[in-house]
Amino acid sequence: MKQRVFVRDRFKGKVAIVTGGSSGIGRAIAEELCREGASVAFSGISDTGRDTEKQMRAEGMDVLFVKGDMVEESFCARLVETALEKWKKVNYLVNNAFSFVAKGLDATADDWYRSYFVGPVGYARMVQNVVEPMKKEGGGAIVNMSSISAHIAQINRWTYNASKGAVNQMTKCQALDLAKFNIRVNSVSPGWVWTREVEKAAQLDGGGRPKWEPVWGDYHILRRVADPIECAGPTLFLLSDDASFITGADLPIDGGYLAVGPEGIGQTTVNAGSR
Amino acid sequence: MTSGKGDFDGKVVLVTGAAGGIGTALCREFNARGARVWPADLRPVERERFVAGDVADEAFAVSWTRQVLREEGRIDVLVNNAGICPRTGLFDIGADEWRRVMDVNLASVFFLGRLALKAMIEHKSGCIVNLASMAGKVGGIAVGAHYSASKAAIQCLTKTLARAGAPYNVRANAVTPGIIDTEITGGATPEQRQRFLETIPLARLGGAAEVARPVAFLASDAASYITGATLDINGGLLMD
């Protein structure tokens, strides 16, 4: 597990909401925000969040777990209300919860519904709910979790890639509309990150990380899969005043995945051209 | 609040174009965060470890990096910031001016980039950040065709550097600033400035420090999984 050098007090006295914060990337972001001084409300669909909350509190972090499903409009509102009740304000939002529905020709209306309503629609509802509180604070910053999948085609992934693509496009529209309130909106696009979902995929044939990281790592020019914490640094950067002139941008956290073409890092290609 | 002090403690950071607005902000930012900054520029400035020279000249790139390596033993970060931005119209750009812009803006990144990369590869760590531009994505409007073409090429060159450095834990990224309040935009008329403000969603020009901080972020360990990327810093002016 990689460690991160945190910036002391960068978010001191600030309040952030992180959706899908019980594990993986969302948890790493919530923890790092706390380490840098923020109070964080995070959502999660299962009771796992209670353990996460307990563990974070044991480390002295000021956190609050709110259980619920981002697909429900009322829950999106309740998440923001709960944070406001506890801390009286909201400065930052990280839209991270997503439904990893990987369907293509076989996608049903329910698959599309879940994919879109937890994903871009859930993100939109959260933004709608935090705008007024952020305006009261004189501004704020939002990071929407996108993915390399927003930029490329992948096998049997109509639902997921279209939903992530929608996130990227919506981020720009939100950045445009909220700039006048001094609210910046950006997205990040991680490559492969070693989360629970990826671990699950690696265990399908029992190979696990030792077998699959070298294979999946080679999709990236850094030749490895990211740790969740490596998504936290860039996300916190975009939330912070370090990024004060950055809005409507998408920052890849992809080890160079999107910088290379189908020939990858070139293991199997012979250089064309004159010598 | 912005990033604190100390995350570049003792790191050797080379900054070209150090006399300009963004260059000055870069030196300040890295300096405040503990780095040993090596500034270079054609125009002399009063700064510790400053070296005067023309980055378009490969001989200077060689002698400068040699000097740094002799005195410091390594290069941790290279920021290729030097650039010139003539506003000559498309039909008036002469061959000499075209070549000069390409040499200063682009060849400098090539010469210094591979020299620094070599040193970084030996140490199996390091980071290069190149200053490209929004103009390199949209073509020269207010700025010249040569400027925008050179900046577009920098984005591509950055990916090559990223690929070459990746097996050795060396990262390379680019930033693409929009309209930043520096001497380059200082020549704008009040009407032009007003027009800028109306078109930028954040309704202001960017400050030089607002470019320096994202550059420092990309050069820091916080960006450990970011390479070959381009980061827009334009207040929402271009969202592509």
# chains A, B, ... in the order shown; residues from 1 in each chain; ligands from 1
call {"tool": "residues_around", "arguments": {"residues": "segment 75-84 of chain A", "least_positions_apart": "3", "cutoff": "10 Å", "atoms": "only C-alpha atoms", "output": "ChimeraX atom specification"}}
result
/A:15-19,39-43,63-72,87-90,93,122-130,133
call {"tool": "interface_residues", "arguments": {"of": "chain A", "to": "chain B", "cutoff": "9 Å", "atoms": "only C-alpha atoms", "output": "PyMOL selection string"}}
result
chain A and resi 4-12+172+175-184+190-191+221-223+225-227+230-234+237-238+240-260+265
call {"tool": "select_by_dssp", "arguments": {"residues": "segment 37-223 of chain A", "states": "alpha helix (DSSP H)", "output": "MDAnalysis selection string"}}
result
chainID A and resid 48:58 73:87 109:118 120:136 158:178 196:202 208:217
call {"tool": "atom_distance", "arguments": {"atom1": "atom CA of Tyr160 of chain A", "atom2": "atom CA of Arg196 of chain A"}}
result
16.9 Å
call {"tool": "atom_distance", "arguments": {"atom1": "atom CA of Thr88 of chain B", "atom2": "atom CA of Arg43 of chain B"}}
result
22.1 Å
call {"tool": "select_by_dssp", "arguments": {"residues": "segment 48-203 of chain B", "states": "strand (DSSP E or B)", "output": "ChimeraX atom specification"}}
result
/B:51-52,77-80,126-131,170-177,180
call {"tool": "atom_distance", "arguments": {"atom1": "atom CA of Phe98 of chain A", "atom2": "atom CA of Phe117 of chain A"}}
result
9.1 Å
call {"tool": "residues_around", "arguments": {"residues": "Val55 of chain B", "least_positions_apart": "2", "cutoff": "8 Å", "atoms": "only C-alpha atoms", "output": "PyMOL selection string"}}
result
chain B and resi 16+41-42+53+57-58+60-61+82+104+108+112
call {"tool": "write_last_selection", "arguments": {"atoms": "all heavy atoms", "output": "PDB file, in the first residue's frame"}}
result
ATOM      1  N   THR B  16      13.154  26.837 -16.691  1.00  0.00           N
ATOM      2  CA  THR B  16      13.589  27.705 -17.790  1.00  0.00           C
ATOM      3  C   THR B  16      12.604  28.863 -17.943  1.00  0.00           C
ATOM      4  O   THR B  16      11.471  28.791 -17.469  1.00  0.00           O
ATOM      5  CB  THR B  16      13.680  26.936 -19.129  1.00  0.00           C
ATOM      6  OG1 THR B  16      12.345  26.600 -19.549  1.00  0.00           O
ATOM      7  CG2 THR B  16      14.502  25.665 -18.989  1.00  0.00           C
ATOM      8  N   ASP B  41      17.485  31.735 -17.886  1.00  0.00           N
ATOM      9  CA  ASP B  41      16.774  32.629 -18.802  1.00  0.00           C
ATOM     10  C   ASP B  41      17.815  33.368 -19.627  1.00  0.00           C
ATOM     11  O   ASP B  41      18.979  33.448 -19.249  1.00  0.00           O
ATOM     12  CB  ASP B  41      15.903  33.631 -18.024  1.00  0.00           C
ATOM     13  CG  ASP B  41      14.754  34.168 -18.870  1.00  0.00           C
ATOM     14  OD1 ASP B  41      15.035  34.845 -19.879  1.00  0.00           O
ATOM     15  OD2 ASP B  41      13.593  33.892 -18.540  1.00  0.00           O
ATOM     16  N   LEU B  42      17.364  33.888 -20.754  1.00  0.00           N
ATOM     17  CA  LEU B  42      18.227  34.762 -21.559  1.00  0.00           C
ATOM     18  C   LEU B  42      18.451  36.080 -20.842  1.00  0.00           C
ATOM     19  O   LEU B  42      19.537  36.625 -20.847  1.00  0.00           O
ATOM     20  CB  LEU B  42      17.532  35.056 -22.896  1.00  0.00           C
ATOM     21  CG  LEU B  42      18.007  34.361 -24.150  1.00  0.00           C
ATOM     22  CD1 LEU B  42      17.186  34.848 -25.325  1.00  0.00           C
ATOM     23  CD2 LEU B  42      19.479  34.605 -24.404  1.00  0.00           C
ATOM     24  N   GLY B  53      21.390  31.980 -20.281  1.00  0.00           N
ATOM     25  CA  GLY B  53      21.652  31.215 -21.496  1.00  0.00           C
ATOM     26  C   GLY B  53      20.415  31.091 -22.354  1.00  0.00           C
ATOM     27  O   GLY B  53      19.309  31.412 -21.926  1.00  0.00           O
ATOM     28  N   ASP B  57      19.574  26.799 -27.734  1.00  0.00           N
ATOM     29  CA  ASP B  57      20.913  26.386 -28.136  1.00  0.00           C
ATOM     30  C   ASP B  57      21.273  25.074 -27.424  1.00  0.00           C
ATOM     31  O   ASP B  57      21.377  25.030 -26.199  1.00  0.00           O
ATOM     32  CB  ASP B  57      21.873  27.530 -27.746  1.00  0.00           C
ATOM     33  CG  ASP B  57      23.318  27.189 -28.029  1.00  0.00           C
ATOM     34  OD1 ASP B  57      23.567  26.138 -28.647  1.00  0.00           O
ATOM     35  OD2 ASP B  57      24.186  27.980 -27.614  1.00  0.00           O
ATOM     36  N   GLU B  58      21.466  24.032 -28.187  1.00  0.00           N
ATOM     37  CA  GLU B  58      21.735  22.732 -27.568  1.00  0.00           C
ATOM     38  C   GLU B  58      22.987  22.766 -26.698  1.00  0.00           C
ATOM     39  O   GLU B  58      23.049  22.117 -25.647  1.00  0.00           O
ATOM     40  CB  GLU B  58      21.861  21.639 -28.634  1.00  0.00           C
ATOM     41  CG  GLU B  58      21.964  20.257 -27.989  1.00  0.00           C
ATOM     42  CD  GLU B  58      22.034  19.116 -29.004  1.00  0.00           C
ATOM     43  OE1 GLU B  58      22.257  19.377 -30.192  1.00  0.00           O
ATOM     44  OE2 GLU B  58      21.849  17.953 -28.575  1.00  0.00           O
ATOM     45  N   PHE B  60      24.024  25.154 -24.874  1.00  0.00           N
ATOM     46  CA  PHE B  60      23.687  25.676 -23.545  1.00  0.00           C
ATOM     47  C   PHE B  60      22.997  24.599 -22.709  1.00  0.00           C
ATOM     48  O   PHE B  60      23.297  24.410 -21.523  1.00  0.00           O
ATOM     49  CB  PHE B  60      22.787  26.918 -23.630  1.00  0.00           C
ATOM     50  CG  PHE B  60      22.247  27.299 -22.272  1.00  0.00           C
ATOM     51  CD1 PHE B  60      23.084  27.861 -21.318  1.00  0.00           C
ATOM     52  CD2 PHE B  60      20.922  27.047 -21.929  1.00  0.00           C
ATOM     53  CE1 PHE B  60      22.606  28.173 -20.041  1.00  0.00           C
ATOM     54  CE2 PHE B  60      20.434  27.340 -20.662  1.00  0.00           C
ATOM     55  CZ  PHE B  60      21.278  27.915 -19.716  1.00  0.00           C
ATOM     56  N   ALA B  61      22.077  23.885 -23.324  1.00  0.00           N
ATOM     57  CA  ALA B  61      21.359  22.824 -22.599  1.00  0.00           C
ATOM     58  C   ALA B  61      22.357  21.814 -22.027  1.00  0.00           C
ATOM     59  O   ALA B  61      22.251  21.380 -20.881  1.00  0.00           O
ATOM     60  CB  ALA B  61      20.359  22.135 -23.528  1.00  0.00           C
ATOM     61  N   ALA B  82      10.270  28.116 -20.727  1.00  0.00           N
ATOM     62  CA  ALA B  82      10.710  29.187 -21.623  1.00  0.00           C
ATOM     63  C   ALA B  82       9.894  29.182 -22.909  1.00  0.00           C
ATOM     64  O   ALA B  82       9.584  28.126 -23.460  1.00  0.00           O
ATOM     65  CB  ALA B  82      12.187  29.009 -21.949  1.00  0.00           C
ATOM     66  N   VAL B 104      13.067  28.082 -29.727  1.00  0.00           N
ATOM     67  CA  VAL B 104      12.949  28.479 -28.316  1.00  0.00           C
ATOM     68  C   VAL B 104      11.873  27.644 -27.625  1.00  0.00           C
ATOM     69  O   VAL B 104      12.078  27.120 -26.533  1.00  0.00           O
ATOM     70  CB  VAL B 104      12.608  29.985 -28.187  1.00  0.00           C
ATOM     71  CG1 VAL B 104      12.358  30.349 -26.725  1.00  0.00           C
ATOM     72  CG2 VAL B 104      13.726  30.835 -28.768  1.00  0.00           C
ATOM     73  N   SER B 108      13.922  23.464 -27.363  1.00  0.00           N
ATOM     74  CA  SER B 108      14.424  23.529 -25.985  1.00  0.00           C
ATOM     75  C   SER B 108      13.862  22.376 -25.151  1.00  0.00           C
ATOM     76  O   SER B 108      14.570  21.789 -24.333  1.00  0.00           O
ATOM     77  CB  SER B 108      14.047  24.869 -25.353  1.00  0.00           C
ATOM     78  OG  SER B 108      12.636  24.988 -25.267  1.00  0.00           O
ATOM     79  N   LEU B 112      16.578  19.791 -23.648  1.00  0.00           N
ATOM     80  CA  LEU B 112      16.642  19.704 -22.187  1.00  0.00           C
ATOM     81  C   LEU B 112      15.895  18.481 -21.670  1.00  0.00           C
ATOM     82  O   LEU B 112      16.334  17.831 -20.726  1.00  0.00           O
ATOM     83  CB  LEU B 112      16.063  20.967 -21.555  1.00  0.00           C
ATOM     84  CG  LEU B 112      17.014  22.148 -21.507  1.00  0.00           C
ATOM     85  CD1 LEU B 112      16.257  23.426 -21.163  1.00  0.00           C
ATOM     86  CD2 LEU B 112      18.130  21.912 -20.499  1.00  0.00           C
TER      87      LEU B 112
END
call {"tool": "residues_around", "arguments": {"residues": "Val77 of chain B", "least_positions_apart": "2", "cutoff": "10 Å", "atoms": "only C-alpha atoms", "output": "VMD selection string"}}
result
chain B and resid 8 11 to 15 35 37 74 to 75 79 to 80 116 to 117 120 125 to 129 170 to 172 216 219 to 220
call {"tool": "residues_around", "arguments": {"residues": "segment 96-98 of chain B", "least_positions_apart": "5", "cutoff": "10 Å", "atoms": "only C-alpha atoms", "output": "PyMOL selection string"}}
result
chain B and resi 86+88+103+144-147+150
call {"tool": "residues_around", "arguments": {"residues": "Thr235 of chain A", "least_positions_apart": "6", "cutoff": "10 Å", "atoms": "only C-alpha atoms", "output": "PyMOL selection string"}}
result
(chain A and resi 29+32-33+94+142-145+186-188+251+253) or (chain B and resi 222-223)
call {"tool": "residues_around", "arguments": {"residues": "Pro44 of chain B", "least_positions_apart": "2", "cutoff": "12 Å", "atoms": "only C-alpha atoms", "output": "ChimeraX atom specification"}}
result
/B:17-20,39-42,46-54
call {"tool": "decode", "arguments": {"residues": "segment 146-189 of chain B", "atoms": "N, CA and C atoms", "output": "short mmCIF file (atom, residue, chain, number, x, y, z; two decimals), in the first residue's frame"}}
result
data_model
loop_
_atom_site.label_atom_id
_atom_site.label_comp_id
_atom_site.auth_asym_id
_atom_site.auth_seq_id
_atom_site.Cartn_x
_atom_site.Cartn_y
_atom_site.Cartn_z
N HIS B 146 3.02 30.03 -35.40
CA HIS B 146 4.20 29.30 -34.95
C HIS B 146 4.11 28.97 -33.46
N TYR B 147 3.61 29.93 -32.68
CA TYR B 147 3.48 29.71 -31.23
C TYR B 147 2.54 28.53 -30.96
N SER B 148 1.36 28.58 -31.57
CA SER B 148 0.39 27.52 -31.28
C SER B 148 0.86 26.16 -31.79
N ALA B 149 1.51 26.15 -32.94
CA ALA B 149 2.01 24.87 -33.48
C ALA B 149 3.10 24.32 -32.57
N SER B 150 3.97 25.19 -32.08
CA SER B 150 5.05 24.71 -31.19
C SER B 150 4.46 24.15 -29.90
N LYS B 151 3.40 24.78 -29.41
CA LYS B 151 2.81 24.33 -28.15
C LYS B 151 2.07 23.00 -28.34
N ALA B 152 1.43 22.82 -29.50
CA ALA B 152 0.78 21.53 -29.78
C ALA B 152 1.83 20.42 -29.82
N ALA B 153 2.96 20.72 -30.43
CA ALA B 153 4.02 19.72 -30.53
C ALA B 153 4.56 19.36 -29.15
N ILE B 154 4.57 20.32 -28.25
CA ILE B 154 5.05 20.04 -26.88
C ILE B 154 4.19 18.97 -26.22
N GLN B 155 2.87 19.03 -26.45
CA GLN B 155 1.98 18.03 -25.87
C GLN B 155 2.36 16.62 -26.34
N CYS B 156 2.67 16.53 -27.63
CA CYS B 156 3.02 15.24 -28.20
C CYS B 156 4.38 14.78 -27.68
N LEU B 157 5.33 15.69 -27.66
CA LEU B 157 6.67 15.38 -27.17
C LEU B 157 6.61 14.91 -25.72
N THR B 158 5.69 15.49 -24.97
CA THR B 158 5.53 15.10 -23.56
C THR B 158 5.18 13.62 -23.45
N LYS B 159 4.33 13.15 -24.37
CA LYS B 159 3.94 11.74 -24.33
C LYS B 159 5.13 10.83 -24.64
N THR B 160 5.97 11.25 -25.58
CA THR B 160 7.17 10.46 -25.88
C THR B 160 8.08 10.40 -24.66
N LEU B 161 8.27 11.54 -24.01
CA LEU B 161 9.11 11.57 -22.81
C LEU B 161 8.50 10.69 -21.72
N ALA B 162 7.17 10.72 -21.61
CA ALA B 162 6.49 9.91 -20.60
C ALA B 162 6.72 8.43 -20.84
N ARG B 163 6.60 8.03 -22.10
CA ARG B 163 6.82 6.64 -22.48
C ARG B 163 8.26 6.21 -22.19
N ALA B 164 9.19 7.08 -22.55
CA ALA B 164 10.61 6.72 -22.38
C ALA B 164 10.98 6.64 -20.90
N GLY B 165 10.36 7.48 -20.10
CA GLY B 165 10.74 7.53 -18.69
C GLY B 165 10.03 6.52 -17.81
N ALA B 166 8.85 6.07 -18.26
CA ALA B 166 7.99 5.25 -17.39
C ALA B 166 8.65 4.01 -16.79
N PRO B 167 9.43 3.26 -17.57
CA PRO B 167 10.03 2.06 -16.96
C PRO B 167 11.00 2.39 -15.83
N TYR B 168 11.40 3.63 -15.76
CA TYR B 168 12.40 4.04 -14.75
C TYR B 168 11.81 4.96 -13.70
N ASN B 169 10.48 4.95 -13.57
CA ASN B 169 9.83 5.77 -12.55
C ASN B 169 10.01 7.27 -12.80
N VAL B 170 10.12 7.63 -14.06
CA VAL B 170 10.22 9.04 -14.42
C VAL B 170 8.92 9.42 -15.13
N ARG B 171 8.26 10.46 -14.64
CA ARG B 171 7.00 10.88 -15.23
C ARG B 171 7.18 12.17 -16.04
N ALA B 172 6.32 12.37 -17.03
CA ALA B 172 6.34 13.61 -17.82
C ALA B 172 4.91 14.02 -18.12
N ASN B 173 4.59 15.26 -17.84
CA ASN B 173 3.24 15.77 -18.08
C ASN B 173 3.31 17.18 -18.63
N ALA B 174 2.17 17.65 -19.13
CA ALA B 174 2.11 19.01 -19.67
C ALA B 174 0.94 19.76 -19.04
N VAL B 175 1.06 21.06 -18.99
CA VAL B 175 -0.09 21.89 -18.63
C VAL B 175 -0.42 22.79 -19.82
N THR B 176 -1.69 23.13 -19.95
CA THR B 176 -2.12 23.98 -21.05
C THR B 176 -2.85 25.20 -20.49
N PRO B 177 -2.09 26.24 -20.11
CA PRO B 177 -2.74 27.44 -19.57
C PRO B 177 -3.54 28.16 -20.64
N GLY B 178 -4.59 28.83 -20.19
CA GLY B 178 -5.38 29.68 -21.08
C GLY B 178 -4.81 31.09 -21.02
N ILE B 179 -5.65 32.06 -20.68
CA ILE B 179 -5.18 33.46 -20.67
C ILE B 179 -4.72 33.81 -19.26
N ILE B 180 -3.42 33.98 -19.13
CA ILE B 180 -2.81 34.23 -17.83
C ILE B 180 -2.29 35.66 -17.81
N ASP B 181 -2.43 36.30 -16.66
CA ASP B 181 -2.04 37.70 -16.51
C ASP B 181 -0.52 37.81 -16.39
N THR B 182 0.17 37.86 -17.51
CA THR B 182 1.63 38.00 -17.51
C THR B 182 2.01 39.05 -18.53
N GLU B 183 3.31 39.21 -18.73
CA GLU B 183 3.75 40.20 -19.71
C GLU B 183 3.30 39.83 -21.12
N ILE B 184 3.05 38.54 -21.35
CA ILE B 184 2.61 38.12 -22.69
C ILE B 184 1.21 38.66 -22.99
N THR B 185 0.33 38.66 -21.97
CA THR B 185 -1.02 39.20 -22.18
C THR B 185 -1.07 40.70 -21.86
N GLY B 186 0.01 41.22 -21.28
CA GLY B 186 0.05 42.64 -20.88
C GLY B 186 -0.16 43.59 -22.05
N GLY B 187 0.16 43.12 -23.26
CA GLY B 187 0.03 43.98 -24.43
C GLY B 187 -1.41 44.15 -24.91
N ALA B 188 -2.33 43.44 -24.28
CA ALA B 188 -3.73 43.50 -24.74
C ALA B 188 -4.34 44.87 -24.44
N THR B 189 -5.21 45.32 -25.32
CA THR B 189 -5.91 46.59 -25.11
C THR B 189 -7.00 46.39 -24.05
#
